[in-house]
Amino acid sequence: MYRFLSRCDALVTDYSSVQFDFALTRRNIILFAYDKDEYLANRGTYLPLEQLPFPIVKDVDSLVSALRAEKTYDDAGFLETYCRYDSPTATASLCSHVFFNEDTIPSKQQLQPNGKRNILIALGDAAASKVPGSTDSLLASFDSATCNVFLMFKPASLRGREGYLLSLPESISYFPIAGSMTLSPRERSMQAAYARKALPFAVFDKNLDAAYRFEARRRFGTIDWDTVICFENDSWRDKYFLSKVSCAHRYIVGNDSADASSRLPMGMADHIRKSFAPLQR
(Lines give C-alpha, C1' and ligand atoms only; values in the text may rest on other atoms or scores of the structure.)
Protein backbone atom coordinates (compact mmCIF):
# COMPACT_ATOMS: atom_id res chain seq x y z
CA MET A 1 0.00 0.00 0.00
CA TYR A 2 2.73 2.47 0.92
CA ARG A 3 4.72 1.82 -2.25
CA PHE A 4 1.56 2.62 -4.17
CA LEU A 5 0.90 5.76 -2.13
CA SER A 6 4.44 7.00 -2.65
CA ARG A 7 3.71 7.21 -6.38
CA CYS A 8 0.43 9.10 -6.04
CA ASP A 9 0.17 12.81 -6.79
CA ALA A 10 -2.69 13.37 -4.36
CA LEU A 11 -4.71 11.54 -1.72
CA VAL A 12 -8.48 11.53 -1.41
CA THR A 13 -9.58 10.08 1.90
CA ASP A 14 -12.31 10.52 4.46
CA TYR A 15 -11.40 9.88 8.10
CA SER A 16 -8.57 7.41 7.63
CA SER A 17 -5.28 7.79 9.48
CA VAL A 18 -3.53 7.23 6.15
CA GLN A 19 -3.57 11.03 5.83
CA PHE A 20 -0.89 11.22 8.54
CA ASP A 21 1.35 8.90 6.51
CA PHE A 22 0.73 10.52 3.15
CA ALA A 23 1.34 13.99 4.60
CA LEU A 24 5.04 13.09 4.73
CA THR A 25 5.12 13.38 0.93
CA ARG A 26 4.02 17.04 1.24
CA ARG A 27 1.57 16.38 -1.59
CA ASN A 28 -2.07 17.41 -1.80
CA ILE A 29 -4.59 15.76 0.57
CA ILE A 30 -8.35 16.20 0.16
CA LEU A 31 -10.88 15.06 2.74
CA PHE A 32 -13.99 13.75 0.97
CA ALA A 33 -16.40 13.94 3.93
CA TYR A 34 -19.71 13.52 2.11
CA ASP A 35 -21.20 11.70 5.14
CA LYS A 36 -19.59 13.87 7.81
CA ASP A 37 -22.71 14.53 9.90
CA GLU A 38 -23.73 10.87 9.93
CA TYR A 39 -20.19 9.69 10.66
CA LEU A 40 -19.70 12.09 13.55
CA ALA A 41 -23.06 11.12 15.02
CA ASN A 42 -22.27 7.39 14.95
CA ARG A 43 -18.48 7.14 15.24
CA GLY A 44 -16.75 10.41 15.96
CA THR A 45 -13.13 11.43 15.40
CA TYR A 46 -10.15 12.00 17.67
CA LEU A 47 -9.98 15.65 16.70
CA PRO A 48 -12.25 17.98 14.70
CA LEU A 49 -11.69 17.81 10.94
CA GLU A 50 -11.57 21.59 10.91
CA GLN A 51 -8.33 21.46 12.91
CA LEU A 52 -6.64 19.72 9.97
CA PRO A 53 -5.14 21.90 7.24
CA PHE A 54 -6.59 19.83 4.38
CA PRO A 55 -9.56 21.03 2.29
CA ILE A 56 -12.87 19.34 3.13
CA VAL A 57 -15.37 18.64 0.34
CA LYS A 58 -18.78 17.01 0.51
CA ASP A 59 -19.82 16.43 -3.11
CA VAL A 60 -18.29 15.11 -6.31
CA ASP A 61 -18.17 18.46 -8.12
CA SER A 62 -16.24 20.03 -5.26
CA LEU A 63 -13.94 17.02 -5.18
CA VAL A 64 -13.14 17.33 -8.89
CA SER A 65 -12.41 21.04 -8.48
CA ALA A 66 -10.12 20.35 -5.52
CA LEU A 67 -8.23 17.71 -7.50
CA ARG A 68 -7.69 20.11 -10.40
CA ALA A 69 -6.45 22.86 -8.11
CA GLU A 70 -2.90 23.22 -6.84
CA LYS A 71 -2.09 22.64 -3.19
CA THR A 72 -2.73 25.92 -1.40
CA TYR A 73 -2.83 25.04 2.29
CA ASP A 74 0.04 25.26 4.78
CA ASP A 75 0.74 21.91 6.46
CA ALA A 76 3.91 22.94 8.33
CA GLY A 77 2.14 23.03 11.70
CA PHE A 78 0.49 19.66 11.05
CA LEU A 79 3.81 18.04 10.15
CA GLU A 80 5.52 19.52 13.21
CA THR A 81 2.78 18.20 15.48
CA TYR A 82 2.25 14.71 14.04
CA CYS A 83 5.29 13.88 11.90
CA ARG A 84 8.23 15.53 13.64
CA TYR A 85 10.07 12.26 14.30
CA ASP A 86 10.01 11.03 10.72
CA SER A 87 13.32 10.30 9.04
CA PRO A 88 14.72 7.74 6.58
CA THR A 89 16.16 5.83 9.55
CA ALA A 90 13.20 6.15 11.93
CA THR A 91 12.23 2.46 11.82
CA ALA A 92 15.82 1.25 12.15
CA SER A 93 16.40 3.57 15.12
CA LEU A 94 13.23 2.42 16.86
CA CYS A 95 14.09 -1.27 16.39
CA SER A 96 17.62 -0.72 17.69
CA HIS A 97 16.23 1.08 20.72
CA VAL A 98 13.56 -1.52 21.53
CA PHE A 99 15.35 -4.76 20.70
CA PHE A 100 19.00 -3.93 21.41
CA ASN A 101 18.62 -1.19 24.04
CA GLU A 102 20.72 1.18 21.95
CA ASP A 103 20.37 4.89 22.59
CA THR A 104 19.45 5.78 19.00
CA ILE A 105 16.48 8.07 19.62
CA PRO A 106 17.61 11.64 20.31
CA SER A 107 14.36 12.93 21.83
CA LYS A 108 12.56 10.72 24.34
CA GLN A 109 9.87 11.44 26.89
CA GLN A 110 9.43 9.38 30.03
CA LEU A 111 5.88 9.05 31.30
CA GLN A 112 5.68 10.19 34.90
CA PRO A 113 3.27 8.66 37.44
CA ASN A 114 0.67 11.11 38.70
CA GLY A 115 0.84 9.78 42.25
CA LYS A 116 -2.62 8.17 42.13
CA ARG A 117 -3.53 4.53 42.77
CA ASN A 118 -4.16 2.48 39.62
CA ILE A 119 -7.41 0.52 39.84
CA LEU A 120 -8.35 -2.14 37.26
CA ILE A 121 -11.97 -3.34 37.09
CA ALA A 122 -12.33 -6.35 34.81
CA LEU A 123 -15.65 -6.86 33.08
CA GLY A 124 -15.92 -10.38 31.77
CA ASP A 125 -18.79 -11.28 29.46
CA ALA A 126 -21.19 -11.93 32.34
CA ALA A 127 -20.38 -8.70 34.20
CA ALA A 128 -20.41 -6.64 30.99
CA SER A 129 -23.91 -7.88 30.20
CA LYS A 130 -25.15 -6.22 33.39
CA VAL A 131 -23.62 -2.75 32.99
CA PRO A 132 -24.28 -0.17 34.19
CA GLY A 133 -25.83 -1.86 37.22
CA SER A 134 -22.83 -4.04 38.00
CA THR A 135 -20.32 -1.20 37.94
CA ASP A 136 -21.99 2.10 38.85
CA SER A 137 -21.67 1.76 42.61
CA LEU A 138 -18.16 0.34 42.21
CA LEU A 139 -17.00 3.27 40.09
CA ALA A 140 -18.63 5.74 42.46
CA SER A 141 -16.60 4.33 45.34
CA PHE A 142 -13.30 5.55 43.86
CA ASP A 143 -12.26 9.18 44.10
CA SER A 144 -10.80 10.45 40.83
CA ALA A 145 -8.58 12.78 42.85
CA THR A 146 -6.69 9.81 44.30
CA CYS A 147 -7.34 6.97 41.83
CA ASN A 148 -6.81 6.20 38.15
CA VAL A 149 -9.67 3.83 37.30
CA PHE A 150 -9.60 1.55 34.25
CA LEU A 151 -12.25 -0.82 32.89
CA MET A 152 -11.12 -3.93 31.00
CA PHE A 153 -13.55 -5.70 28.68
CA LYS A 154 -13.92 -7.48 25.36
CA PRO A 155 -15.38 -5.10 22.74
CA ALA A 156 -17.91 -7.72 21.61
CA SER A 157 -19.38 -7.86 25.12
CA LEU A 158 -20.49 -4.21 24.87
CA ARG A 159 -21.53 -4.21 21.23
CA GLY A 160 -24.70 -2.20 20.83
CA ARG A 161 -24.16 -0.50 24.19
CA GLU A 162 -21.23 1.73 23.32
CA GLY A 163 -23.20 4.63 24.75
CA TYR A 164 -22.34 3.32 28.20
CA LEU A 165 -18.66 4.09 27.63
CA LEU A 166 -19.52 7.55 26.37
CA SER A 167 -21.55 8.16 29.51
CA LEU A 168 -18.61 7.45 31.82
CA PRO A 169 -16.82 10.37 33.48
CA GLU A 170 -13.69 11.49 31.65
CA SER A 171 -11.65 10.29 34.62
CA ILE A 172 -12.53 6.66 33.76
CA SER A 173 -10.26 5.02 31.19
CA TYR A 174 -10.56 1.56 29.64
CA PHE A 175 -8.73 -1.32 28.00
CA PRO A 176 -10.71 -3.00 25.21
CA ILE A 177 -9.12 -6.47 24.87
CA ALA A 178 -9.46 -8.03 21.43
CA GLY A 179 -8.04 -11.26 20.06
CA SER A 180 -6.94 -14.35 21.92
CA MET A 181 -3.94 -15.21 24.07
CA THR A 182 -0.69 -16.30 22.50
CA LEU A 183 -0.36 -19.94 23.49
CA SER A 184 1.85 -22.65 22.07
CA PRO A 185 0.08 -25.79 20.74
CA ARG A 186 1.16 -27.63 23.88
CA GLU A 187 -0.17 -24.89 26.18
CA ARG A 188 -3.42 -24.71 24.26
CA SER A 189 -3.83 -28.48 24.50
CA MET A 190 -3.16 -28.48 28.25
CA GLN A 191 -5.62 -25.66 28.83
CA ALA A 192 -8.30 -27.56 26.91
CA ALA A 193 -7.56 -30.70 28.93
CA TYR A 194 -7.82 -28.77 32.17
CA ALA A 195 -11.13 -27.24 31.09
CA ARG A 196 -12.43 -30.79 30.53
CA LYS A 197 -11.34 -31.62 34.11
CA ALA A 198 -8.79 -34.04 32.72
CA LEU A 199 -5.76 -32.33 34.27
CA PRO A 200 -4.92 -31.45 37.91
CA PHE A 201 -4.68 -27.76 38.75
CA ALA A 202 -1.05 -28.07 39.87
CA VAL A 203 -0.02 -29.35 36.42
CA PHE A 204 -2.11 -26.72 34.63
CA ASP A 205 -0.73 -23.90 36.78
CA LYS A 206 2.87 -25.03 36.41
CA ASN A 207 2.65 -25.14 32.62
CA LEU A 208 0.39 -22.10 31.96
CA ASP A 209 1.64 -19.69 34.63
CA ALA A 210 4.33 -18.13 32.42
CA ALA A 211 1.96 -17.76 29.45
CA TYR A 212 -0.65 -15.91 31.52
CA ARG A 213 1.97 -13.65 33.10
CA PHE A 214 3.29 -12.84 29.63
CA GLU A 215 -0.27 -12.00 28.56
CA ALA A 216 -0.57 -9.61 31.51
CA ARG A 217 2.63 -7.84 30.43
CA ARG A 218 1.40 -7.76 26.82
CA ARG A 219 -1.85 -6.09 27.82
CA PHE A 220 -0.64 -3.69 30.48
CA GLY A 221 3.10 -3.28 30.04
CA THR A 222 4.71 -2.04 33.26
CA ILE A 223 1.64 -0.41 34.83
CA ASP A 224 1.95 -0.53 38.60
CA TRP A 225 -1.48 -1.76 39.65
CA ASP A 226 -2.63 -1.14 43.19
CA THR A 227 -5.98 -2.94 42.98
CA VAL A 228 -7.54 -5.45 40.60
CA ILE A 229 -11.27 -6.24 40.84
CA CYS A 230 -13.23 -8.97 39.08
CA PHE A 231 -16.73 -10.43 39.34
CA GLU A 232 -17.73 -13.83 40.71
CA ASN A 233 -19.93 -14.72 37.76
CA ASP A 234 -17.23 -14.19 35.14
CA SER A 235 -15.28 -17.08 33.63
CA TRP A 236 -12.56 -18.92 35.49
CA ARG A 237 -10.12 -18.03 32.70
CA ASP A 238 -10.71 -14.32 33.36
CA LYS A 239 -10.14 -14.77 37.07
CA TYR A 240 -7.09 -16.98 36.58
CA PHE A 241 -5.61 -14.34 34.25
CA LEU A 242 -6.19 -11.60 36.83
CA SER A 243 -4.52 -13.73 39.49
CA LYS A 244 -1.35 -13.42 37.39
CA VAL A 245 -1.50 -9.63 37.08
CA SER A 246 1.04 -8.03 39.39
CA CYS A 247 -0.80 -5.89 41.95
CA ALA A 248 -1.00 -5.09 45.65
CA HIS A 249 -4.64 -6.10 46.19
CA ARG A 250 -7.14 -8.38 44.43
CA TYR A 251 -10.86 -8.42 45.09
CA ILE A 252 -13.82 -10.36 43.77
CA VAL A 253 -17.37 -9.03 43.70
CA GLY A 254 -19.92 -11.69 44.61
CA ASN A 255 -23.42 -12.13 43.29
CA ASP A 256 -26.69 -13.65 44.41
CA SER A 257 -26.42 -16.80 42.29
CA ALA A 258 -25.77 -20.24 43.71
CA ASP A 259 -22.21 -21.36 44.35
CA ALA A 260 -20.68 -22.38 41.02
CA SER A 261 -17.59 -24.03 42.50
CA SER A 262 -18.74 -27.47 41.44
CA ARG A 263 -18.67 -26.39 37.79
CA LEU A 264 -15.10 -25.14 37.93
CA PRO A 265 -12.15 -27.29 36.82
CA MET A 266 -10.26 -29.09 39.56
CA GLY A 267 -8.57 -26.82 42.07
CA MET A 268 -9.67 -23.53 40.46
CA ALA A 269 -12.14 -22.65 43.22
CA ASP A 270 -9.39 -22.90 45.84
CA HIS A 271 -7.01 -20.84 43.68
CA ILE A 272 -9.61 -18.10 43.24
CA ARG A 273 -10.41 -18.13 46.94
CA LYS A 274 -6.72 -17.73 47.83
CA SER A 275 -6.06 -15.07 45.17
CA PHE A 276 -9.04 -12.74 45.71
CA ALA A 277 -10.54 -11.22 48.82
CA PRO A 278 -14.33 -10.74 48.78
CA LEU A 279 -15.36 -7.15 48.15
CA GLN A 280 -18.37 -5.93 50.10
CA ARG A 281 -20.40 -3.25 48.33
# chains A, B, ... in the order shown; residues from 1 in each chain; ligands from 1
$ select_by_dssp --residues "region 132-198 of chain A" --states "strand (DSSP E or B)" --output "count of residues only"
12
$ closest_residue --among "A:Tyr39, A:Phe32, A:Phe241, A:Phe78" --to "Asp59 (chain A)" --atoms "only C-alpha atoms"
A:Phe32
$ closest_atom_pairs --of "region 71-166 of chain A" --to "region 222-225 of chain A" --cutoff "12 Å" --atoms "only C-alpha atoms" --output "CSV"
residue,atom,partner,partner_atom,distance
A:Leu111,CA,A:Ile223,CA,11.0
A:Gln112,CA,A:Ile223,CA,11.3
A:Pro113,CA,A:Asp224,CA,9.4
A:Asn114,CA,A:Asp224,CA,11.7
A:Gly115,CA,A:Asp224,CA,11.0
A:Lys116,CA,A:Trp225,CA,10.3
A:Arg117,CA,A:Trp225,CA,7.3
A:Asn118,CA,A:Trp225,CA,5.0
A:Ile119,CA,A:Trp225,CA,6.4
A:Leu120,CA,A:Trp225,CA,7.3
A:Ile121,CA,A:Trp225,CA,10.9
A:Cys147,CA,A:Trp225,CA,10.7
A:Asn148,CA,A:Trp225,CA,9.7
A:Val149,CA,A:Trp225,CA,10.2
A:Phe150,CA,A:Trp225,CA,10.3
$ residues_around --residues "Gly179 (chain A)" --least-positions-apart "3" --cutoff "10 Å" --atoms "only C-alpha atoms" --output "ChimeraX atom specification"
/A:154-155,182
$ residues_around --residues "Arg250 (chain A)" --least-positions-apart "4" --cutoff "6 Å" --atoms "only C-alpha atoms" --output "list in words"
Thr227, Val228, Ile229 and Phe276 of chain A
$ atom_distance --atom1 "CA of Val12 (chain A)" --atom2 "CA of Ile30 (chain A)"
4.9 Å
